[in-house]
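Colleague: One file: final26.txt (compact mmCIF, C-alpha atoms).
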```txt
# COMPACT_ATOMS: atom_id res chain seq x y z
CA THR A 1 40.05 -147.11 46.94
CA MET A 2 37.03 -144.82 47.07
CA LYS A 3 37.55 -144.58 50.86
CA HIS A 4 41.17 -143.57 50.26
CA ILE A 5 40.14 -140.81 47.83
CA THR A 6 37.49 -139.51 50.25
CA LEU A 7 40.04 -139.59 53.08
CA LEU A 8 42.59 -137.72 50.93
CA ILE A 9 40.04 -135.04 49.99
CA THR A 10 39.00 -134.66 53.65
CA LEU A 11 42.62 -134.36 54.78
CA THR A 12 43.34 -131.82 52.03
CA LEU A 13 40.33 -129.74 53.06
CA LEU A 14 41.35 -129.90 56.71
CA ALA A 15 44.90 -128.89 55.84
CA SER A 16 43.75 -125.93 53.76
CA CYS A 17 41.34 -124.81 56.49
CA SER A 18 44.01 -124.95 59.18
CA GLY A 19 46.38 -123.16 56.83
CA LYS A 20 43.88 -120.32 56.48
CA GLU A 21 43.50 -120.08 60.25
CA GLU A 22 47.25 -119.77 60.68
CA GLN A 23 47.38 -116.95 58.14
CA ALA A 24 44.49 -114.97 59.66
CA PRO A 25 46.52 -113.29 62.45
CA GLN A 26 49.16 -112.15 59.93
CA THR A 27 46.45 -110.51 57.82
CA ARG A 28 45.01 -108.88 60.93
CA GLU A 29 48.45 -107.41 61.80
CA VAL A 30 48.74 -105.88 58.35
CA ASN A 31 45.32 -104.22 58.78
CA GLU A 32 46.31 -102.81 62.17
CA THR A 33 47.70 -99.52 61.00
CA LEU A 34 46.70 -95.91 61.35
CA PRO A 35 44.68 -94.15 58.68
CA SER A 36 46.94 -92.19 56.32
CA HIS A 37 45.35 -88.84 57.30
CA PHE A 38 47.54 -88.88 60.44
CA PHE A 39 50.72 -88.45 58.38
CA THR A 40 52.18 -85.73 56.21
CA THR A 41 55.33 -85.68 54.09
CA GLU A 42 55.42 -81.86 54.19
CA ARG A 43 57.21 -80.66 57.30
CA PRO A 44 55.60 -77.58 58.87
CA ALA A 45 57.97 -74.59 58.91
CA ASN A 46 59.15 -72.51 61.90
CA VAL A 47 58.18 -75.11 64.48
CA LYS A 48 59.12 -74.63 68.14
CA ASP A 49 60.54 -77.41 70.31
CA LEU A 50 58.23 -79.38 72.59
CA VAL A 51 59.32 -77.65 75.85
CA GLU A 52 58.77 -74.17 74.38
CA VAL A 53 55.23 -75.09 73.35
CA LYS A 54 54.54 -76.94 76.59
CA LYS A 55 55.40 -73.86 78.73
CA ASN A 56 52.30 -71.94 77.69
CA ALA A 57 49.99 -74.69 76.45
CA LYS A 58 46.66 -75.46 78.06
CA ALA A 59 44.03 -78.13 77.52
CA GLY A 60 42.09 -77.50 74.31
CA ASP A 61 44.95 -75.70 72.54
CA ASP A 62 46.04 -76.58 69.02
CA VAL A 63 49.80 -77.08 69.11
CA THR A 64 52.62 -77.91 66.70
CA PHE A 65 56.07 -78.89 67.95
CA LEU A 66 59.29 -80.73 67.18
CA ALA A 67 60.24 -83.70 69.37
CA ARG A 68 61.95 -87.08 69.23
CA ILE A 69 60.29 -90.42 69.85
CA GLY A 70 61.55 -91.85 73.12
CA GLY A 71 61.87 -91.09 76.80
CA ARG A 72 61.15 -94.44 78.42
CA LYS A 73 63.33 -97.56 78.51
CA PHE A 74 60.44 -99.95 77.95
CA GLY A 75 57.42 -98.22 76.61
CA SER A 76 58.25 -95.39 74.24
CA PHE A 77 55.51 -97.17 72.31
CA VAL A 78 52.58 -98.75 74.15
CA PRO A 79 52.19 -102.39 73.00
CA THR A 80 48.38 -102.44 72.91
CA LEU A 81 47.43 -98.80 72.32
CA SER A 82 48.17 -96.18 69.66
CA MET A 83 50.28 -94.01 71.97
CA MET A 84 53.93 -93.01 72.15
CA ILE A 85 56.26 -90.96 74.33
CA VAL A 86 58.23 -88.09 72.80
CA ALA A 87 61.08 -86.01 74.19
CA ASP A 88 62.20 -82.44 73.67
CA PRO A 89 65.04 -82.13 71.12
CA LYS A 90 67.32 -80.36 73.64
CA LEU A 91 67.29 -83.45 75.86
CA LEU A 92 70.24 -85.66 74.99
CA SER A 93 69.74 -89.35 74.48
CA CYS A 94 73.02 -90.95 75.49
CA GLU A 95 74.11 -92.08 72.01
CA LEU A 96 74.51 -88.36 71.25
CA MET A 97 76.81 -87.85 74.25
CA ALA A 98 79.68 -90.04 73.07
CA ASP A 99 80.97 -91.74 69.96
CA ASP A 100 80.64 -95.21 71.45
CA ASP A 101 77.83 -97.55 72.41
CA HIS A 102 77.93 -96.90 76.15
CA CYS A 103 74.16 -97.06 76.38
CA ASP A 104 72.09 -100.09 75.36
CA THR A 105 68.81 -98.19 75.39
CA PRO A 106 69.48 -94.58 74.37
CA GLU A 107 65.75 -93.95 74.03
CA ASP A 108 65.41 -93.89 77.83
CA TYR A 109 67.58 -90.75 78.13
CA CYS A 110 69.25 -92.35 81.17
CA CYS A 111 72.01 -89.72 81.35
CA GLU A 112 69.62 -86.77 81.49
CA ASP A 113 68.58 -84.84 84.60
CA PRO A 114 65.34 -86.50 85.84
CA MET A 115 63.58 -83.16 86.38
CA ALA A 116 64.47 -81.89 82.91
CA LEU A 117 63.30 -85.21 81.51
CA THR A 118 59.94 -85.00 83.29
CA GLN A 119 59.37 -81.49 81.96
CA GLY A 120 60.63 -82.44 78.50
CA LEU A 121 58.37 -85.40 77.77
CA GLY A 122 54.99 -85.63 76.12
CA THR A 123 52.49 -88.38 75.33
CA ILE A 124 51.06 -88.54 71.83
CA ARG A 125 47.78 -90.35 71.25
CA PHE A 126 46.23 -91.38 67.95
CA MET A 127 42.49 -91.36 68.52
CA LYS A 128 40.02 -93.66 66.77
CA ASN A 129 37.16 -91.47 68.00
CA GLU A 130 36.61 -88.92 70.77
CA THR A 131 37.23 -91.37 73.60
CA ASP A 132 39.29 -94.31 72.31
CA THR A 133 42.78 -94.84 70.96
CA TYR A 134 43.33 -97.58 68.39
CA PRO A 135 43.90 -100.97 70.10
CA PHE A 136 47.38 -101.64 68.67
CA THR A 137 50.91 -100.29 68.87
CA VAL A 138 52.00 -97.62 66.41
CA GLU A 139 55.67 -98.64 66.50
CA GLY A 140 56.91 -98.72 62.90
CA VAL A 141 53.70 -97.19 61.52
CA GLY A 142 54.43 -94.36 59.09
CA GLY A 143 58.14 -94.86 59.78
CA MET A 144 57.78 -93.96 63.47
CA GLU A 145 60.68 -95.49 65.42
CA VAL A 146 62.48 -94.63 68.66
CA LEU A 147 64.93 -91.71 68.46
CA LYS A 148 63.49 -90.33 65.20
CA TYR A 149 62.44 -86.71 64.98
CA VAL A 150 58.75 -85.95 64.57
CA VAL A 151 56.74 -82.78 64.13
CA VAL A 152 53.41 -83.26 65.84
CA GLU A 153 50.32 -81.17 65.14
CA GLY A 154 47.51 -81.87 67.55
CA LEU A 155 45.16 -80.89 70.34
CA VAL A 156 46.27 -80.69 73.98
CA ASN A 157 44.10 -83.18 75.85
CA ASP A 158 45.66 -82.70 79.28
CA ILE A 159 48.56 -80.86 80.90
CA ASN A 160 49.70 -80.17 84.46
CA GLU A 161 52.62 -78.72 86.41
CA ASN A 162 53.98 -82.22 87.16
CA GLY A 163 55.06 -82.73 83.56
CA LEU A 164 51.92 -84.37 82.17
CA PHE A 165 51.41 -83.35 78.54
CA ILE A 166 48.97 -85.40 76.45
CA VAL A 167 48.41 -84.42 72.83
CA ASP A 168 45.92 -86.02 70.47
CA ALA A 169 47.69 -86.07 67.11
CA LYS A 170 46.08 -84.66 63.99
CA LYS A 171 49.16 -84.78 61.74
CA VAL A 172 52.66 -86.14 62.20
CA TRP A 173 55.73 -85.54 60.05
CA VAL A 174 58.39 -88.23 60.58
CA GLY A 175 62.06 -87.37 60.11
CA ASP A 176 65.18 -89.37 60.94
CA ALA A 177 67.30 -90.00 64.01
CA PRO A 178 70.16 -87.60 64.73
CA VAL A 179 73.78 -88.69 64.89
CA TYR A 180 76.67 -88.03 67.25
CA GLY A 181 78.10 -84.62 66.43
CA ASP A 182 74.89 -83.39 64.81
CA ASN A 183 72.03 -83.41 67.31
CA ARG A 184 69.61 -81.82 64.86
CA ALA A 185 70.30 -84.17 61.94
CA GLY A 186 67.01 -85.73 60.86
CA SER A 187 64.91 -82.87 62.23
CA GLY A 188 64.24 -81.35 58.81
CA GLU A 189 65.53 -77.93 59.95
```
In structure tokens, write the structure found in this file.

Modeller:
Amino acid sequence: TMKHITLLITLTLLASCSGKEEQAPQTREVNETLPSHFFTTERPANVKDLVEVKKNAKAGDDVTFLARIGGRKFGSFVPTLSMMIVADPKLLSCELMADDDHCDTPEDYCCEDPMALTQGLGTIRFMKNETDTYPFTVEGVGGMEVLKYVVVEGLVNDINENGLFIVDAKKVWVGDAPVYGDNRAGSGE
């Protein structure tokens, strides 16, 4: 009987150890979030749209602009890096073009003119330090989801005439997604 008790204790210990191992990744996921200093609940006033700011921006500039999360079918959020694609508010995601679900992935702006789309997109990075982004997706962090409005305050890291526009975020205000018939709903204007 002593052997049985020892065996039971050993099995219980093994079970609890393996249970802890299974829970570890869940705990790690919870910890993978951006520091709160990246977010603000106070929307900056008199903010220009992304394209307006992009026209005259140059690397090293501090910028603040209104945009919407989205612009790519698969990859508005990068799965392993703290980066996201944003689109100018004047670009129409296709759920705003009709009152039906004729587009499975409105965040890819599939109905928009490709040239206007190229010029109307930006890449937002959340930097851990001067050279590295955080090694996890920011989808859902701080309420950030595709099609929602955001006001981004940050530093232009890179820009070129081919549409490249990379901004390292300092502060982000997160609004809501617009609705058909009111393209600016959720923008906080």

Colleague: Of the candidates A:Ala67, A:Ala87, A:Val150, A:Leu121, which shows the shortest atom-to-atom distance to Asp176 (chain A), using only C-alpha atoms?

Modeller: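 The shortest atom-to-atom distance to Asp176 (chain A) comes from A:Val150.
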
Colleague: As AutoDock Vina command-line options, please: the centre and edge lengths in Å, to one decimal, of an axis-aligned box enclosing every listed atom of region 154-158 of chain A with 8 Å added on each side.

Modeller:
```
--center_x 45.8 --center_y -81.9 --center_z 73.4 --size_x 19.4 --size_y 18.5 --size_z 27.7
```

Colleague: Here is a test: counting only C-alpha atoms, which residue of A:Met115, A:Leu164, A:Val151, A:Leu92 is nearest to Pro178 (chain A)?

Modeller: A:Leu92

Colleague: Name the closest residue to Arg43 (chain A) among the candidates A:Gly175, A:Gly60, A:Gly70, A:Gly181; distances are taken between atoms, counting only C-alpha atoms.

Modeller: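 Between A:Gly175, A:Gly60, A:Gly70, A:Gly181, the residue approaching Arg43 (chain A) most closely is A:Gly175.
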
Colleague: Set the distance at 10 Å and use all atoms listed in the file: which residues neighbour His37 (chain A) once local chain neighbours fewer than 4 positions away are removed? I'd like the list as a list in words.

Modeller: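 The residues that qualify are Lys170, Lys171 and Val172 of chain A.
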
Colleague: Would you mind reading off the distance between CA of Ser76 (chain A) and CA of Lys90 (chain A), one decimal, in Å?

Modeller: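 Pair CA of Ser76 (chain A) / CA of Lys90 (chain A) returns 17.6 Å.
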
Colleague: Return the single residue from A:Asp88, A:Glu153, A:Asp62, A:Glu32 that is closest to Asp49 (chain A), with distances computed using all atoms listed in the file.

Modeller: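 Of A:Asp88, A:Glu153, A:Asp62, A:Glu32, the one nearest Asp49 (chain A), counting all atoms listed in the file, is A:Asp88.
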
Colleague: Using all atoms listed in the file, determine which residues lie at most 8 Å from Val141 (chain A), disregarding the query and same-chain residues fewer than 3 positions distant; provide the list as a list of chain:residue names.

Modeller: A:Thr33, A:Leu34, A:Val138, A:Met144

Colleague: Determine the nearest neighbour of Val86 (chain A) from the options A:Thr133, A:Glu189, A:Pro114, A:Leu66, counting only C-alpha atoms.

Modeller: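 That would be A:Leu66, the residue with the smallest distance to Val86 (chain A).
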
Colleague: Check which residues of region 45-87 of chain A sit at most 12 Å from region 154-158 of chain A using all atoms listed in the file, and return one row each with the closest pair of atoms and their distance in Å to one decimal, ordered by chain and rising number, as CSV.

Modeller:
```
residue,atom,partner,partner_atom,distance
A:Val53,CA,A:Val156,CA,10.6
A:Lys54,CA,A:Val156,CA,9.4
A:Asn56,CA,A:Val156,CA,11.3
A:Ala57,CA,A:Val156,CA,7.5
A:Lys58,CA,A:Val156,CA,6.6
A:Ala59,CA,A:Val156,CA,4.9
A:Gly60,CA,A:Val156,CA,5.3
A:Asp61,CA,A:Val156,CA,5.4
A:Asp62,CA,A:Leu155,CA,4.6
A:Val63,CA,A:Gly154,CA,5.5
A:Thr64,CA,A:Gly154,CA,6.5
A:Phe65,CA,A:Gly154,CA,9.1
A:Leu66,CA,A:Gly154,CA,11.8
```

Colleague: Hey, can you spit out that residue selection with C-alpha atoms as a PDB file, in the frame of the given file?

Modeller:
```pdb
ATOM      1  CA  VAL A  53      55.230 -75.090  73.350  1.00  0.00           C
ATOM      2  CA  LYS A  54      54.540 -76.940  76.590  1.00  0.00           C
ATOM      3  CA  ASN A  56      52.300 -71.940  77.690  1.00  0.00           C
ATOM      4  CA  ALA A  57      49.990 -74.690  76.450  1.00  0.00           C
ATOM      5  CA  LYS A  58      46.660 -75.460  78.060  1.00  0.00           C
ATOM      6  CA  ALA A  59      44.030 -78.130  77.520  1.00  0.00           C
ATOM      7  CA  GLY A  60      42.090 -77.500  74.310  1.00  0.00           C
ATOM      8  CA  ASP A  61      44.950 -75.700  72.540  1.00  0.00           C
ATOM      9  CA  ASP A  62      46.040 -76.580  69.020  1.00  0.00           C
ATOM     10  CA  VAL A  63      49.800 -77.080  69.110  1.00  0.00           C
ATOM     11  CA  THR A  64      52.620 -77.910  66.700  1.00  0.00           C
ATOM     12  CA  PHE A  65      56.070 -78.890  67.950  1.00  0.00           C
ATOM     13  CA  LEU A  66      59.290 -80.730  67.180  1.00  0.00           C
TER      14      LEU A  66
END
```

Colleague: What is the CA of Phe126 (chain A)-CA of Arg68 (chain A) distance in Å, reported with one decimal?

Modeller: 16.3 Å

Colleague: I'd like the interatomic distance between CA of Leu117 (chain A) and CA of Gly143 (chain A), to a tenth of an Å.

Modeller: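 Rounded to one decimal, the two atoms are 24.3 Å apart.
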
Colleague: Which is closer to Asn129 (chain A) than all the others in A:Ala116, A:Ala45, A:Ala169, A:Val146, using all atoms listed in the file?

Modeller: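 Once distances to Asn129 (chain A) are computed over all atoms listed in the file, the minimum belongs to A:Ala169.
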
Colleague: Applying 7 Å and all atoms listed in the file, which residues near Phe77 (chain A) remain after dropping the ones on its own chain fewer than 2 positions away? List them as a ChimeraX atom specification.

Modeller: /A:75,79,83-85,137-139
